[in-house]
>>> print(open('final.txt').read())   # compact mmCIF, N, CA and C atoms
# COMPACT_ATOMS: atom_id res chain seq x y z
N MET N 7 6.76 -13.39 6.34
CA MET N 7 7.46 -12.24 6.88
C MET N 7 8.15 -11.46 5.77
N ASP N 8 8.24 -10.19 5.98
CA ASP N 8 8.94 -9.33 5.05
C ASP N 8 10.44 -9.47 5.28
N ALA N 9 11.20 -9.54 4.20
CA ALA N 9 12.65 -9.73 4.33
C ALA N 9 13.34 -8.51 4.92
N ALA N 10 12.76 -7.31 4.75
CA ALA N 10 13.40 -6.09 5.24
C ALA N 10 13.15 -5.85 6.72
N SER N 11 12.13 -6.46 7.30
CA SER N 11 11.84 -6.25 8.71
C SER N 11 11.46 -7.58 9.35
N SER N 12 11.34 -7.54 10.67
CA SER N 12 10.97 -8.75 11.38
C SER N 12 9.46 -8.85 11.60
N GLN N 13 8.71 -7.85 11.15
CA GLN N 13 7.26 -7.87 11.32
C GLN N 13 6.61 -8.53 10.11
N PRO N 14 5.59 -9.35 10.35
CA PRO N 14 4.90 -9.99 9.23
C PRO N 14 4.07 -8.98 8.44
N VAL N 15 3.96 -9.23 7.15
CA VAL N 15 3.13 -8.39 6.29
C VAL N 15 1.69 -8.88 6.43
N THR N 16 0.84 -8.00 6.88
CA THR N 16 -0.55 -8.39 7.11
C THR N 16 -1.35 -8.32 5.81
N ARG N 17 -2.49 -8.98 5.83
CA ARG N 17 -3.38 -8.97 4.66
C ARG N 17 -3.88 -7.55 4.40
N ARG N 18 -4.13 -6.82 5.48
CA ARG N 18 -4.61 -5.45 5.33
C ARG N 18 -3.58 -4.56 4.63
N SER N 19 -2.31 -4.69 5.01
CA SER N 19 -1.28 -3.87 4.38
C SER N 19 -1.08 -4.25 2.92
N ARG N 20 -1.23 -5.53 2.60
CA ARG N 20 -1.14 -5.95 1.19
C ARG N 20 -2.28 -5.36 0.37
N ARG N 21 -3.47 -5.37 0.95
CA ARG N 21 -4.64 -4.83 0.25
C ARG N 21 -4.51 -3.32 0.09
N LEU N 22 -3.97 -2.67 1.11
CA LEU N 22 -3.77 -1.23 1.04
C LEU N 22 -2.79 -0.87 -0.08
N MET N 23 -1.69 -1.61 -0.15
CA MET N 23 -0.72 -1.36 -1.22
C MET N 23 -1.27 -1.77 -2.59
N ALA N 24 -2.14 -2.77 -2.61
CA ALA N 24 -2.76 -3.18 -3.88
C ALA N 24 -3.67 -2.09 -4.43
N ALA N 25 -4.15 -1.23 -3.57
CA ALA N 25 -4.98 -0.10 -4.01
C ALA N 25 -4.13 1.16 -4.25
N LEU N 26 -3.19 1.43 -3.36
CA LEU N 26 -2.45 2.70 -3.42
C LEU N 26 -1.39 2.75 -4.52
N TRP N 27 -0.68 1.67 -4.74
CA TRP N 27 0.40 1.71 -5.73
C TRP N 27 -0.12 1.90 -7.16
N PRO N 28 -1.09 1.11 -7.62
CA PRO N 28 -1.60 1.35 -8.98
C PRO N 28 -2.27 2.72 -9.12
N SER N 29 -2.92 3.18 -8.06
CA SER N 29 -3.56 4.49 -8.14
C SER N 29 -2.52 5.61 -8.19
N PHE N 30 -1.38 5.41 -7.53
CA PHE N 30 -0.29 6.39 -7.62
C PHE N 30 0.22 6.47 -9.06
N LEU N 31 0.42 5.31 -9.67
CA LEU N 31 0.91 5.30 -11.06
C LEU N 31 -0.11 5.93 -12.01
N MET N 32 -1.39 5.64 -11.79
CA MET N 32 -2.43 6.21 -12.65
C MET N 32 -2.53 7.72 -12.44
N ALA N 33 -2.35 8.19 -11.22
CA ALA N 33 -2.36 9.63 -10.96
C ALA N 33 -1.21 10.31 -11.70
N ALA N 34 -0.06 9.66 -11.77
CA ALA N 34 1.07 10.23 -12.52
C ALA N 34 0.75 10.31 -14.01
N VAL N 35 0.09 9.27 -14.54
CA VAL N 35 -0.30 9.29 -15.95
C VAL N 35 -1.32 10.40 -16.21
N LEU N 36 -2.32 10.50 -15.35
CA LEU N 36 -3.33 11.55 -15.50
C LEU N 36 -2.71 12.94 -15.41
N GLU N 37 -1.78 13.10 -14.50
CA GLU N 37 -1.08 14.39 -14.36
C GLU N 37 -0.38 14.75 -15.67
N GLY N 38 0.31 13.79 -16.25
CA GLY N 38 0.99 14.05 -17.52
C GLY N 38 0.03 14.37 -18.64
N LEU N 39 -1.09 13.63 -18.71
CA LEU N 39 -2.07 13.89 -19.76
C LEU N 39 -2.73 15.25 -19.61
N VAL N 40 -3.18 15.56 -18.41
CA VAL N 40 -3.89 16.83 -18.19
C VAL N 40 -2.98 18.02 -18.44
N PHE N 41 -1.78 17.98 -17.90
CA PHE N 41 -0.92 19.15 -18.03
C PHE N 41 -0.12 19.16 -19.32
N SER N 42 -0.29 18.14 -20.16
CA SER N 42 0.23 18.27 -21.52
C SER N 42 -0.78 19.03 -22.38
N LEU N 43 -2.02 19.06 -21.93
CA LEU N 43 -3.06 19.81 -22.63
C LEU N 43 -3.31 21.19 -22.04
N LEU N 44 -3.14 21.33 -20.73
CA LEU N 44 -3.38 22.60 -20.04
C LEU N 44 -2.06 23.18 -19.55
N ASP N 45 -1.87 24.45 -19.79
CA ASP N 45 -0.67 25.13 -19.32
C ASP N 45 -0.95 25.72 -17.94
N PRO N 46 -0.20 25.31 -16.91
CA PRO N 46 -0.45 25.86 -15.58
C PRO N 46 -0.23 27.36 -15.48
N GLU N 47 0.58 27.90 -16.35
CA GLU N 47 0.77 29.36 -16.35
C GLU N 47 -0.54 30.06 -16.73
N LEU N 48 -1.27 29.51 -17.70
CA LEU N 48 -2.56 30.10 -18.08
C LEU N 48 -3.59 29.91 -16.97
N LEU N 49 -3.56 28.75 -16.34
CA LEU N 49 -4.47 28.52 -15.22
C LEU N 49 -4.15 29.46 -14.07
N ASP N 50 -2.87 29.73 -13.86
CA ASP N 50 -2.46 30.63 -12.79
C ASP N 50 -2.99 32.03 -13.06
N ALA N 51 -3.00 32.46 -14.32
CA ALA N 51 -3.52 33.79 -14.66
C ALA N 51 -5.02 33.86 -14.40
N ARG N 52 -5.73 32.76 -14.69
CA ARG N 52 -7.18 32.76 -14.46
C ARG N 52 -7.53 32.59 -12.99
N LEU N 53 -6.66 31.94 -12.25
CA LEU N 53 -6.92 31.69 -10.83
C LEU N 53 -6.04 32.56 -9.95
N SER N 54 -5.73 33.76 -10.41
CA SER N 54 -4.82 34.63 -9.66
C SER N 54 -5.39 35.03 -8.31
N HIS N 55 -6.71 35.07 -8.19
CA HIS N 55 -7.31 35.43 -6.90
C HIS N 55 -7.11 34.34 -5.85
N VAL N 56 -6.81 33.12 -6.28
CA VAL N 56 -6.56 32.03 -5.33
C VAL N 56 -5.14 32.14 -4.78
N GLY N 57 -4.22 32.60 -5.59
CA GLY N 57 -2.85 32.81 -5.14
C GLY N 57 -1.99 31.55 -5.13
N LEU N 58 -2.26 30.59 -6.03
CA LEU N 58 -1.47 29.36 -6.11
C LEU N 58 -0.45 29.45 -7.23
N SER N 59 0.73 28.97 -6.96
CA SER N 59 1.77 28.93 -7.98
C SER N 59 1.50 27.74 -8.91
N PRO N 60 2.13 27.71 -10.08
CA PRO N 60 1.97 26.54 -10.96
C PRO N 60 2.39 25.24 -10.28
N LEU N 61 3.44 25.27 -9.47
CA LEU N 61 3.86 24.07 -8.75
C LEU N 61 2.78 23.60 -7.78
N ALA N 62 2.13 24.55 -7.11
CA ALA N 62 1.04 24.20 -6.20
C ALA N 62 -0.13 23.60 -6.98
N LEU N 63 -0.41 24.11 -8.17
CA LEU N 63 -1.47 23.55 -9.01
C LEU N 63 -1.14 22.11 -9.42
N TYR N 64 0.11 21.88 -9.82
CA TYR N 64 0.55 20.52 -10.15
C TYR N 64 0.35 19.59 -8.95
N SER N 65 0.78 20.05 -7.79
CA SER N 65 0.71 19.22 -6.59
C SER N 65 -0.72 18.92 -6.19
N LEU N 66 -1.57 19.93 -6.18
CA LEU N 66 -2.97 19.72 -5.81
C LEU N 66 -3.68 18.82 -6.81
N ALA N 67 -3.39 19.00 -8.09
CA ALA N 67 -4.01 18.15 -9.10
C ALA N 67 -3.57 16.70 -8.92
N PHE N 68 -2.28 16.49 -8.66
CA PHE N 68 -1.79 15.13 -8.45
C PHE N 68 -2.47 14.48 -7.24
N LEU N 69 -2.58 15.22 -6.15
CA LEU N 69 -3.22 14.67 -4.96
C LEU N 69 -4.69 14.37 -5.20
N CYS N 70 -5.37 15.22 -5.96
CA CYS N 70 -6.78 14.95 -6.29
C CYS N 70 -6.90 13.72 -7.19
N PHE N 71 -6.03 13.59 -8.17
CA PHE N 71 -6.05 12.41 -9.05
C PHE N 71 -5.76 11.15 -8.24
N TRP N 72 -4.79 11.24 -7.33
CA TRP N 72 -4.42 10.08 -6.52
C TRP N 72 -5.57 9.69 -5.59
N ALA N 73 -6.22 10.67 -5.00
CA ALA N 73 -7.35 10.38 -4.11
C ALA N 73 -8.49 9.72 -4.88
N ALA N 74 -8.80 10.24 -6.06
CA ALA N 74 -9.91 9.68 -6.84
C ALA N 74 -9.61 8.26 -7.31
N THR N 75 -8.40 8.03 -7.80
CA THR N 75 -8.07 6.69 -8.27
C THR N 75 -7.88 5.71 -7.10
N SER N 76 -7.45 6.21 -5.94
CA SER N 76 -7.35 5.35 -4.76
C SER N 76 -8.73 4.92 -4.29
N LEU N 77 -9.66 5.84 -4.33
CA LEU N 77 -11.03 5.51 -3.95
C LEU N 77 -11.61 4.45 -4.89
N ALA N 78 -11.37 4.62 -6.17
CA ALA N 78 -11.86 3.63 -7.15
C ALA N 78 -11.21 2.28 -6.95
N SER N 79 -9.91 2.26 -6.72
CA SER N 79 -9.20 1.00 -6.48
C SER N 79 -9.67 0.34 -5.20
N GLY N 80 -9.81 1.12 -4.15
CA GLY N 80 -10.26 0.58 -2.88
C GLY N 80 -11.67 0.00 -2.95
N LEU N 81 -12.56 0.69 -3.64
CA LEU N 81 -13.91 0.19 -3.81
C LEU N 81 -13.92 -1.10 -4.64
N SER N 82 -13.07 -1.16 -5.64
CA SER N 82 -12.98 -2.38 -6.43
C SER N 82 -12.51 -3.56 -5.59
N LEU N 83 -11.50 -3.34 -4.76
CA LEU N 83 -11.01 -4.40 -3.87
C LEU N 83 -12.09 -4.79 -2.86
N LEU N 84 -12.81 -3.82 -2.34
CA LEU N 84 -13.86 -4.12 -1.37
C LEU N 84 -14.97 -4.94 -2.00
N LEU N 85 -15.37 -4.59 -3.20
CA LEU N 85 -16.44 -5.31 -3.89
C LEU N 85 -16.00 -6.69 -4.37
N ALA N 86 -14.70 -6.87 -4.58
CA ALA N 86 -14.19 -8.16 -5.06
C ALA N 86 -13.94 -9.15 -3.93
N GLU N 87 -14.14 -8.72 -2.68
CA GLU N 87 -13.92 -9.61 -1.54
C GLU N 87 -14.86 -10.81 -1.60
N ASP N 88 -14.34 -11.94 -1.19
CA ASP N 88 -15.15 -13.17 -1.15
C ASP N 88 -16.03 -13.21 0.08
>>> encode(input="final.txt", output="structure tokens")
Amino acid sequence: MDAASSQPVTRRSRRLMAALWPSFLMAAVLEGLVFSLLDPELLDARLSHVGLSPLALYSLAFLCFWAATSLASGLSLLLAED
């Protein structure tokens, strides 16, 4: 049982967190690497027809990085099943 609640922690929730937490951290690293090389202000000028602010570009990039790394982590866990 989880100490914070009275509900037991299921195997599925552990596996979900085993995929999501490392992928979240990796998405943060990728975000830092990509946007240390690319200036969102320059991207905003090139993508002005889309109408996204630099903050929106940061957010969308982070969500894309998180989705991609979550998929990779989840597939790894699925393939590693006994």
>>> residues_around(input="final.txt", residues="Ser29 of chain N", least_positions_apart="4", cutoff="6.5 Å", atoms="all atoms listed in the file", output="ChimeraX atom specification")
/N:24-25,33-34,71-72,75-76
>>> write_last_selection(input="final.txt", atoms="N, CA and C atoms", output="mmCIF file, in the coordinates of the input")
data_model
loop_
_atom_site.group_PDB
_atom_site.id
_atom_site.type_symbol
_atom_site.label_atom_id
_atom_site.label_comp_id
_atom_site.auth_asym_id
_atom_site.auth_seq_id
_atom_site.Cartn_x
_atom_site.Cartn_y
_atom_site.Cartn_z
ATOM 1 N N ALA N 24 -2.140 -2.770 -2.610
ATOM 2 C CA ALA N 24 -2.760 -3.180 -3.880
ATOM 3 C C ALA N 24 -3.670 -2.090 -4.430
ATOM 4 N N ALA N 25 -4.150 -1.230 -3.570
ATOM 5 C CA ALA N 25 -4.980 -0.100 -4.010
ATOM 6 C C ALA N 25 -4.130 1.160 -4.250
ATOM 7 N N ALA N 33 -2.350 8.190 -11.220
ATOM 8 C CA ALA N 33 -2.360 9.630 -10.960
ATOM 9 C C ALA N 33 -1.210 10.310 -11.700
ATOM 10 N N ALA N 34 -0.060 9.660 -11.770
ATOM 11 C CA ALA N 34 1.070 10.230 -12.520
ATOM 12 C C ALA N 34 0.750 10.310 -14.010
ATOM 13 N N PHE N 71 -6.030 13.590 -8.170
ATOM 14 C CA PHE N 71 -6.050 12.410 -9.050
ATOM 15 C C PHE N 71 -5.760 11.150 -8.240
ATOM 16 N N TRP N 72 -4.790 11.240 -7.330
ATOM 17 C CA TRP N 72 -4.420 10.080 -6.520
ATOM 18 C C TRP N 72 -5.570 9.690 -5.590
ATOM 19 N N THR N 75 -8.400 8.030 -7.800
ATOM 20 C CA THR N 75 -8.070 6.690 -8.270
ATOM 21 C C THR N 75 -7.880 5.710 -7.100
ATOM 22 N N SER N 76 -7.450 6.210 -5.940
ATOM 23 C CA SER N 76 -7.350 5.350 -4.760
ATOM 24 C C SER N 76 -8.730 4.920 -4.290
#
>>> atom_distance(input="final.txt", atom1="atom CA of Leu31 of chain N", atom2="atom N of Ala78 of chain N")
13.2 Å
>>> atom_distance(input="final.txt", atom1="atom CA of Leu26 of chain N", atom2="atom CA of Ser79 of chain N")
7.6 Å
>>> closest_residue(input="final.txt", among="N:Val15, N:Gly57, N:Phe30, N:Leu81", to="Leu69 of chain N", atoms="only C-alpha atoms")
N:Phe30
>>> axis_aligned_box(input="final.txt", around="segment 74-85 of chain N", padding_each_side="4 Å", output="lines of an AutoDock Vina configuration file")
center_x = -11.9
center_y = 1.8
center_z = -4.8
size_x = 17.1
size_y = 24.9
size_z = 14.9
>>> closest_residue(input="final.txt", among="N:Leu84, N:Leu22, N:Ala67, N:Leu48", to="Val35 of chain N", atoms="only C-alpha atoms")
N:Ala67
>>> select_by_dssp(input="final.txt", residues="segment 8-45 of chain N", states="helix (DSSP H, G or I)", output="number ranges by chain")
N: 17-43
>>> atom_distance(input="final.txt", atom1="atom CA of Phe68 of chain N", atom2="atom N of Phe41 of chain N")
9.9 Å
>>> closest_residue(input="final.txt", among="N:Ser65, N:Gly80, N:Ala86, N:Leu39", to="Arg21 of chain N", atoms="only C-alpha atoms")
N:Gly80
